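Student: Just dropping this structure here.
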Amino acid sequence: MLLLAFLICFSFCNSQQIIHLNSLKGYNFKNPINSKPPYSVYISANRDSDDILSQVYIKSESGSLQNLLYLKNSSKNSNSNLLAATEIQENSFLISKLTDYQLYSLTGFLYITNSSQADDKKFQVYDVNQQFAISTEANKDHTLVFLNSKSQNHSSTISSWLQSPSCLVSMYQGFPQEDQKENLVIFSNPAPFFTQPLFIPHVEKFEVNFEIFHFKTSGSMKFDISPEPFNFDGYKTTAYRTTGFYMKSQYDNTNRTATVSCLRDTSYNGTTGLLIGASRVRPYSTVRFDFDDGPHYILDLGIRGINIEKIPKSLEISTNGTEDGEVYVQYLIWQDQLIPSTLAPTTTMLPETTTKGCLGIFGGGILMIIVLFNFLVIF
């Protein structure tokens, strides 16, 4: 009983939550919304029947009713995919006379956050149901939250990235946690590939598979986002100094292999870098990287990192033991100096460790490991 009371109190005090519509009970059951009012509600239900949504209500203790179809239509911004929040001022619950089976057919969800956050103009929530452009202003901080119920695997493809060198960008899985330590970075620019964060002038097209994810930005940047899938396997990078992102999603329950071809000039030396994260994977899960000329590196939780002083023609990424989990890889291709003579690259394997890894970050079931490939030093 004490544990149940604690969980109820924790849920009630934690104003942010996701409510999946297919988890609701029908037959006029009062499904609680465990957030302390006032709070704000956003809805993403792009594949759901208008008829069913019109028969699911948010009902307050005083008896006022709002159906979810009304919320969906009223939250749309005519000029963009920016969503307007629906504010709830008193304790409320979700109710429907429909059957459990009818509600179970729903695929959308509600995102609930506190009203003060929703009233902050720097906090913006978008529904990824078509292609649209995102831009942020210089000298201002922004939190950009993206909801995606358009497809079963929640594909969001990001392209045409432009970023000011003074802008800081970080991408996170899920909604923004009130405790910043719980917001674990899975992609960033500048990124910690070396001792100091490195600004990468070019970002490749990439896809994520999240029903909700967010960016924190400081400064001016732009990109396009679309609900269409993107096939990373066979992709070719488009700049000599660039970064990109690969994700093995939980919706892909195979240990598939993906290959990226790297634009390079063999007259120059350079670096290939990787930042690796994982969520909901088994302790013995591994990620394998194969260079086209033969070397391969298998990384598990005991390997702190490796140093490879070269840029391959192609890089193959595969996973093992990650069928029900997620793997995130931010890769770096960094061309450096003209090679004055032919020198063979060297490889350094760093020792195994039982510590938390290079960043010392573990949280929310996600492990972040940094794999660094340093510059070739010519003596």
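We name chains A, B, ... following the order of the structure tokens; residues begin at 1 in each chain, and ligands are numbered from 1 as shown.
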Among range 289-341 of chain A, which ones does DSSP assign to strand (DSSP E or B) (computed from the backbone)? Answer as a ChimeraX atom specification.
Tutor: /A:289-291,296-299,303,306-308,314-320,326-338
Student: Keeping N, CA and C atoms, export the residues of the selection given above as a PDB file, in the first residue's frame.
Tutor:
ATOM      1  N   PHE A 289      31.577  -2.364 -35.909  1.00  0.00           N
ATOM      2  CA  PHE A 289      31.911  -1.437 -36.990  1.00  0.00           C
ATOM      3  C   PHE A 289      32.953  -2.103 -37.882  1.00  0.00           C
ATOM      4  N   ASP A 290      32.642  -2.199 -39.164  1.00  0.00           N
ATOM      5  CA  ASP A 290      33.552  -2.801 -40.138  1.00  0.00           C
ATOM      6  C   ASP A 290      34.003  -1.748 -41.140  1.00  0.00           C
ATOM      7  N   PHE A 291      35.328  -1.583 -41.272  1.00  0.00           N
ATOM      8  CA  PHE A 291      35.879  -0.734 -42.314  1.00  0.00           C
ATOM      9  C   PHE A 291      35.995  -1.553 -43.599  1.00  0.00           C
ATOM     10  N   HIS A 296      37.810  -4.550 -38.121  1.00  0.00           N
ATOM     11  CA  HIS A 296      36.491  -4.421 -37.529  1.00  0.00           C
ATOM     12  C   HIS A 296      36.643  -4.319 -36.012  1.00  0.00           C
ATOM     13  N   TYR A 297      35.671  -3.700 -35.386  1.00  0.00           N
ATOM     14  CA  TYR A 297      35.745  -3.413 -33.964  1.00  0.00           C
ATOM     15  C   TYR A 297      34.393  -3.723 -33.341  1.00  0.00           C
ATOM     16  N   ILE A 298      34.394  -4.604 -32.346  1.00  0.00           N
ATOM     17  CA  ILE A 298      33.173  -4.991 -31.650  1.00  0.00           C
ATOM     18  C   ILE A 298      33.199  -4.345 -30.270  1.00  0.00           C
ATOM     19  N   LEU A 299      32.206  -3.538 -29.984  1.00  0.00           N
ATOM     20  CA  LEU A 299      32.176  -2.777 -28.741  1.00  0.00           C
ATOM     21  C   LEU A 299      31.067  -3.285 -27.836  1.00  0.00           C
ATOM     22  N   ILE A 303      34.263  -1.958 -23.103  1.00  0.00           N
ATOM     23  CA  ILE A 303      35.264  -1.254 -23.902  1.00  0.00           C
ATOM     24  C   ILE A 303      35.053   0.246 -23.772  1.00  0.00           C
ATOM     25  N   ILE A 306      38.173   3.223 -28.792  1.00  0.00           N
ATOM     26  CA  ILE A 306      39.267   2.874 -29.692  1.00  0.00           C
ATOM     27  C   ILE A 306      39.658   4.111 -30.482  1.00  0.00           C
ATOM     28  N   ASN A 307      40.887   4.124 -30.966  1.00  0.00           N
ATOM     29  CA  ASN A 307      41.375   5.210 -31.807  1.00  0.00           C
ATOM     30  C   ASN A 307      41.771   4.650 -33.174  1.00  0.00           C
ATOM     31  N   ILE A 308      41.133   5.127 -34.237  1.00  0.00           N
ATOM     32  CA  ILE A 308      41.467   4.733 -35.607  1.00  0.00           C
ATOM     33  C   ILE A 308      41.845   5.989 -36.372  1.00  0.00           C
ATOM     34  N   SER A 314      34.077   3.014 -46.871  1.00  0.00           N
ATOM     35  CA  SER A 314      32.729   2.734 -46.379  1.00  0.00           C
ATOM     36  C   SER A 314      32.816   2.188 -44.962  1.00  0.00           C
ATOM     37  N   LEU A 315      31.756   2.417 -44.208  1.00  0.00           N
ATOM     38  CA  LEU A 315      31.675   1.975 -42.821  1.00  0.00           C
ATOM     39  C   LEU A 315      30.396   1.175 -42.653  1.00  0.00           C
ATOM     40  N   GLU A 316      30.527  -0.038 -42.125  1.00  0.00           N
ATOM     41  CA  GLU A 316      29.385  -0.924 -41.922  1.00  0.00           C
ATOM     42  C   GLU A 316      29.074  -1.008 -40.433  1.00  0.00           C
ATOM     43  N   ILE A 317      27.802  -0.819 -40.091  1.00  0.00           N
ATOM     44  CA  ILE A 317      27.366  -0.836 -38.695  1.00  0.00           C
ATOM     45  C   ILE A 317      26.388  -1.988 -38.510  1.00  0.00           C
ATOM     46  N   SER A 318      26.626  -2.811 -37.502  1.00  0.00           N
ATOM     47  CA  SER A 318      25.699  -3.898 -37.194  1.00  0.00           C
ATOM     48  C   SER A 318      25.601  -4.054 -35.679  1.00  0.00           C
ATOM     49  N   THR A 319      24.534  -4.699 -35.229  1.00  0.00           N
ATOM     50  CA  THR A 319      24.308  -4.875 -33.800  1.00  0.00           C
ATOM     51  C   THR A 319      24.039  -6.340 -33.496  1.00  0.00           C
ATOM     52  N   ASN A 320      24.232  -6.703 -32.237  1.00  0.00           N
ATOM     53  CA  ASN A 320      23.959  -8.067 -31.797  1.00  0.00           C
ATOM     54  C   ASN A 320      23.330  -8.019 -30.408  1.00  0.00           C
ATOM     55  N   GLU A 326      17.157  -0.167 -28.575  1.00  0.00           N
ATOM     56  CA  GLU A 326      17.541   0.882 -29.512  1.00  0.00           C
ATOM     57  C   GLU A 326      19.036   1.146 -29.416  1.00  0.00           C
ATOM     58  N   VAL A 327      19.635   1.471 -30.551  1.00  0.00           N
ATOM     59  CA  VAL A 327      21.044   1.848 -30.615  1.00  0.00           C
ATOM     60  C   VAL A 327      21.139   3.153 -31.382  1.00  0.00           C
ATOM     61  N   TYR A 328      21.932   4.097 -30.869  1.00  0.00           N
ATOM     62  CA  TYR A 328      22.110   5.399 -31.501  1.00  0.00           C
ATOM     63  C   TYR A 328      23.589   5.597 -31.804  1.00  0.00           C
ATOM     64  N   VAL A 329      23.892   5.997 -33.027  1.00  0.00           N
ATOM     65  CA  VAL A 329      25.277   6.246 -33.417  1.00  0.00           C
ATOM     66  C   VAL A 329      25.359   7.603 -34.101  1.00  0.00           C
ATOM     67  N   GLN A 330      26.091   8.531 -33.505  1.00  0.00           N
ATOM     68  CA  GLN A 330      26.447   9.762 -34.205  1.00  0.00           C
ATOM     69  C   GLN A 330      27.850   9.566 -34.755  1.00  0.00           C
ATOM     70  N   TYR A 331      27.986   9.719 -36.071  1.00  0.00           N
ATOM     71  CA  TYR A 331      29.288   9.483 -36.688  1.00  0.00           C
ATOM     72  C   TYR A 331      29.890  10.797 -37.181  1.00  0.00           C
ATOM     73  N   LEU A 332      31.208  10.823 -37.235  1.00  0.00           N
ATOM     74  CA  LEU A 332      31.967  11.985 -37.689  1.00  0.00           C
ATOM     75  C   LEU A 332      32.929  11.565 -38.790  1.00  0.00           C
ATOM     76  N   ILE A 333      32.949  12.316 -39.880  1.00  0.00           N
ATOM     77  CA  ILE A 333      33.976  12.196 -40.916  1.00  0.00           C
ATOM     78  C   ILE A 333      34.690  13.542 -40.964  1.00  0.00           C
ATOM     79  N   TRP A 334      35.986  13.541 -40.666  1.00  0.00           N
ATOM     80  CA  TRP A 334      36.715  14.804 -40.518  1.00  0.00           C
ATOM     81  C   TRP A 334      38.030  14.734 -41.287  1.00  0.00           C
ATOM     82  N   GLN A 335      38.044  15.286 -42.486  1.00  0.00           N
ATOM     83  CA  GLN A 335      39.275  15.344 -43.279  1.00  0.00           C
ATOM     84  C   GLN A 335      40.192  16.403 -42.700  1.00  0.00           C
ATOM     85  N   ASP A 336      41.512  16.067 -42.632  1.00  0.00           N
ATOM     86  CA  ASP A 336      42.435  16.979 -41.960  1.00  0.00           C
ATOM     87  C   ASP A 336      43.514  17.492 -42.906  1.00  0.00           C
ATOM     88  N   GLN A 337      44.749  17.045 -42.739  1.00  0.00           N
ATOM     89  CA  GLN A 337      45.879  17.646 -43.429  1.00  0.00           C
ATOM     90  C   GLN A 337      46.333  16.821 -44.630  1.00  0.00           C
ATOM     91  N   LEU A 338      46.938  17.514 -45.596  1.00  0.00           N
ATOM     92  CA  LEU A 338      47.516  16.850 -46.756  1.00  0.00           C
ATOM     93  C   LEU A 338      48.653  15.941 -46.307  1.00  0.00           C
TER      94      LEU A 338
END
Student: Within 12 Å of Phe93 in chain A, counting only C-alpha atoms, which residues qualify if same-chain residues fewer than 4 places away don't, as a list of chain:residue names?
Tutor: A:Ile19, A:Leu24, A:Lys25, A:Asn28, A:Phe29, A:Lys30, A:Asn31, A:Pro32, A:Ile33, A:Asn34, A:Ser35, A:Lys36, A:Pro37, A:Val56, A:Tyr57, A:Ile58, A:Lys59, A:Ser60, A:Glu61, A:Ser62, A:Gly63, A:Ser64, A:Leu65, A:Gln66, A:Asn67, A:Ile88
Student: For Lys122 in chain A, please output as a list in words all residues within 12 Å (counting only C-alpha atoms; exclusion window: fewer than 2 positions along the same chain).
Tutor: Ser116, Gln117, Ala118, Asp119, Asp120, Gln124, Val125, Thr136, Glu137, Asn139, Lys140, Asp141, His142, Thr143, Leu144, Val145, Phe215, Lys216, Thr217, Ser218 and Gly219 of chain A
Student: What lies within 10 Å of Phe223 in chain A using only C-alpha atoms, ignoring chain neighbours under 3 positions off, as a PyMOL selection string?
Tutor: chain A and resi 132-136+158-163+203+205
Student: Could you give me, as a ChimeraX atom specification, the residues within 9 Å of range 165-177 of chain A, counting only C-alpha atoms and dropping anything in the same chain fewer than 2 positions from it?
Tutor: /A:16-18,111,138-139,143,145-146,163,179-191,199-201,210-221
Student: Measuring between only C-alpha atoms, which one of A:Phe194, A:Phe109, A:Tyr39, A:Tyr251 shows the shortest distance to Ser149 in chain A?
Tutor: A:Phe109
